[in-house]
Structure formats: C-alpha cells, structure tokens
Amino acid sequence: PRDIMAIVLQQGALLCGVGLLLGATGAWGLGIFLQRTMPRLVSQDPVAIFSVAALLILATLAACWLPARRAMAVDPMTALRDD
C-alpha cells in the first residue's frame, strides 16, 4: 500500500512541478513584457506568485492523496481479477 501511495504522489508532484515551473516562468516573462510595454503598470508581486504556487501544490497533493488512499484499500489481486 505504501508503494502505491508513493507512486501516485510522485507522479502528481512531478506533473505539478513541471506545470508550476512553466507557469511561473511564463507569468514572470509576461509581467516583464507588460511592464516594458506599459510603463505605468504596477510591478510584479513575487509574494502573490509564490502564494498561488503554494496553493496549487496543496491542491495537487490533496487531489493525488485522496485517490491513492482509496486505491490502497483495494486488494491488488481483486483489482487484477476485475480487469
């Protein structure tokens, strides 16, 4: 059961990490572009970006943990027989 939990959480964390990396890089780059294009635009807020990233990490872990917990309750042989 612990292996199942670890696999599901690792895969979810990997996808979340890649998405956050790409999204944060894109948001930062777009913010710089918009500041140069519109000089009166308010500067970037790193606290807001990191707060949203932390919230997304928590949501990802919860979204992965709940199905993994349900999968741990099922006997592997029963699951294989049903397929």
# chains A, B, ... in the order shown; residues from 1 in each chain; ligands from 1
>>> residues_around(residues="stretch 18-26 of chain A", least_positions_apart="2", cutoff="10 Å", atoms="only C-alpha atoms", output="MDAnalysis selection string")
chainID A and resid 13:16 28:32 46 49:50 52:54 56:57
>>> residues_around(residues="A:Gln11", least_positions_apart="2", cutoff="12 Å", atoms="only C-alpha atoms", output="list in words")
Ile4, Met5, Ala6, Ile7, Val8, Leu9, Ala13, Leu14, Leu15, Cys16, Gly17, Val18, Thr60, Leu61, Ala63, Cys64, Trp65 and Ala68 of chain A
>>> atom_distance(atom1="atom CA of A:Met77", atom2="atom CA of A:Pro1")
12.8 Å
>>> atom_distance(atom1="atom CA of A:Ala73", atom2="atom CA of A:Leu55")
27.7 Å
>>> atom_distance(atom1="atom CA of A:Ala79", atom2="atom CA of A:Ala62")
23.3 Å
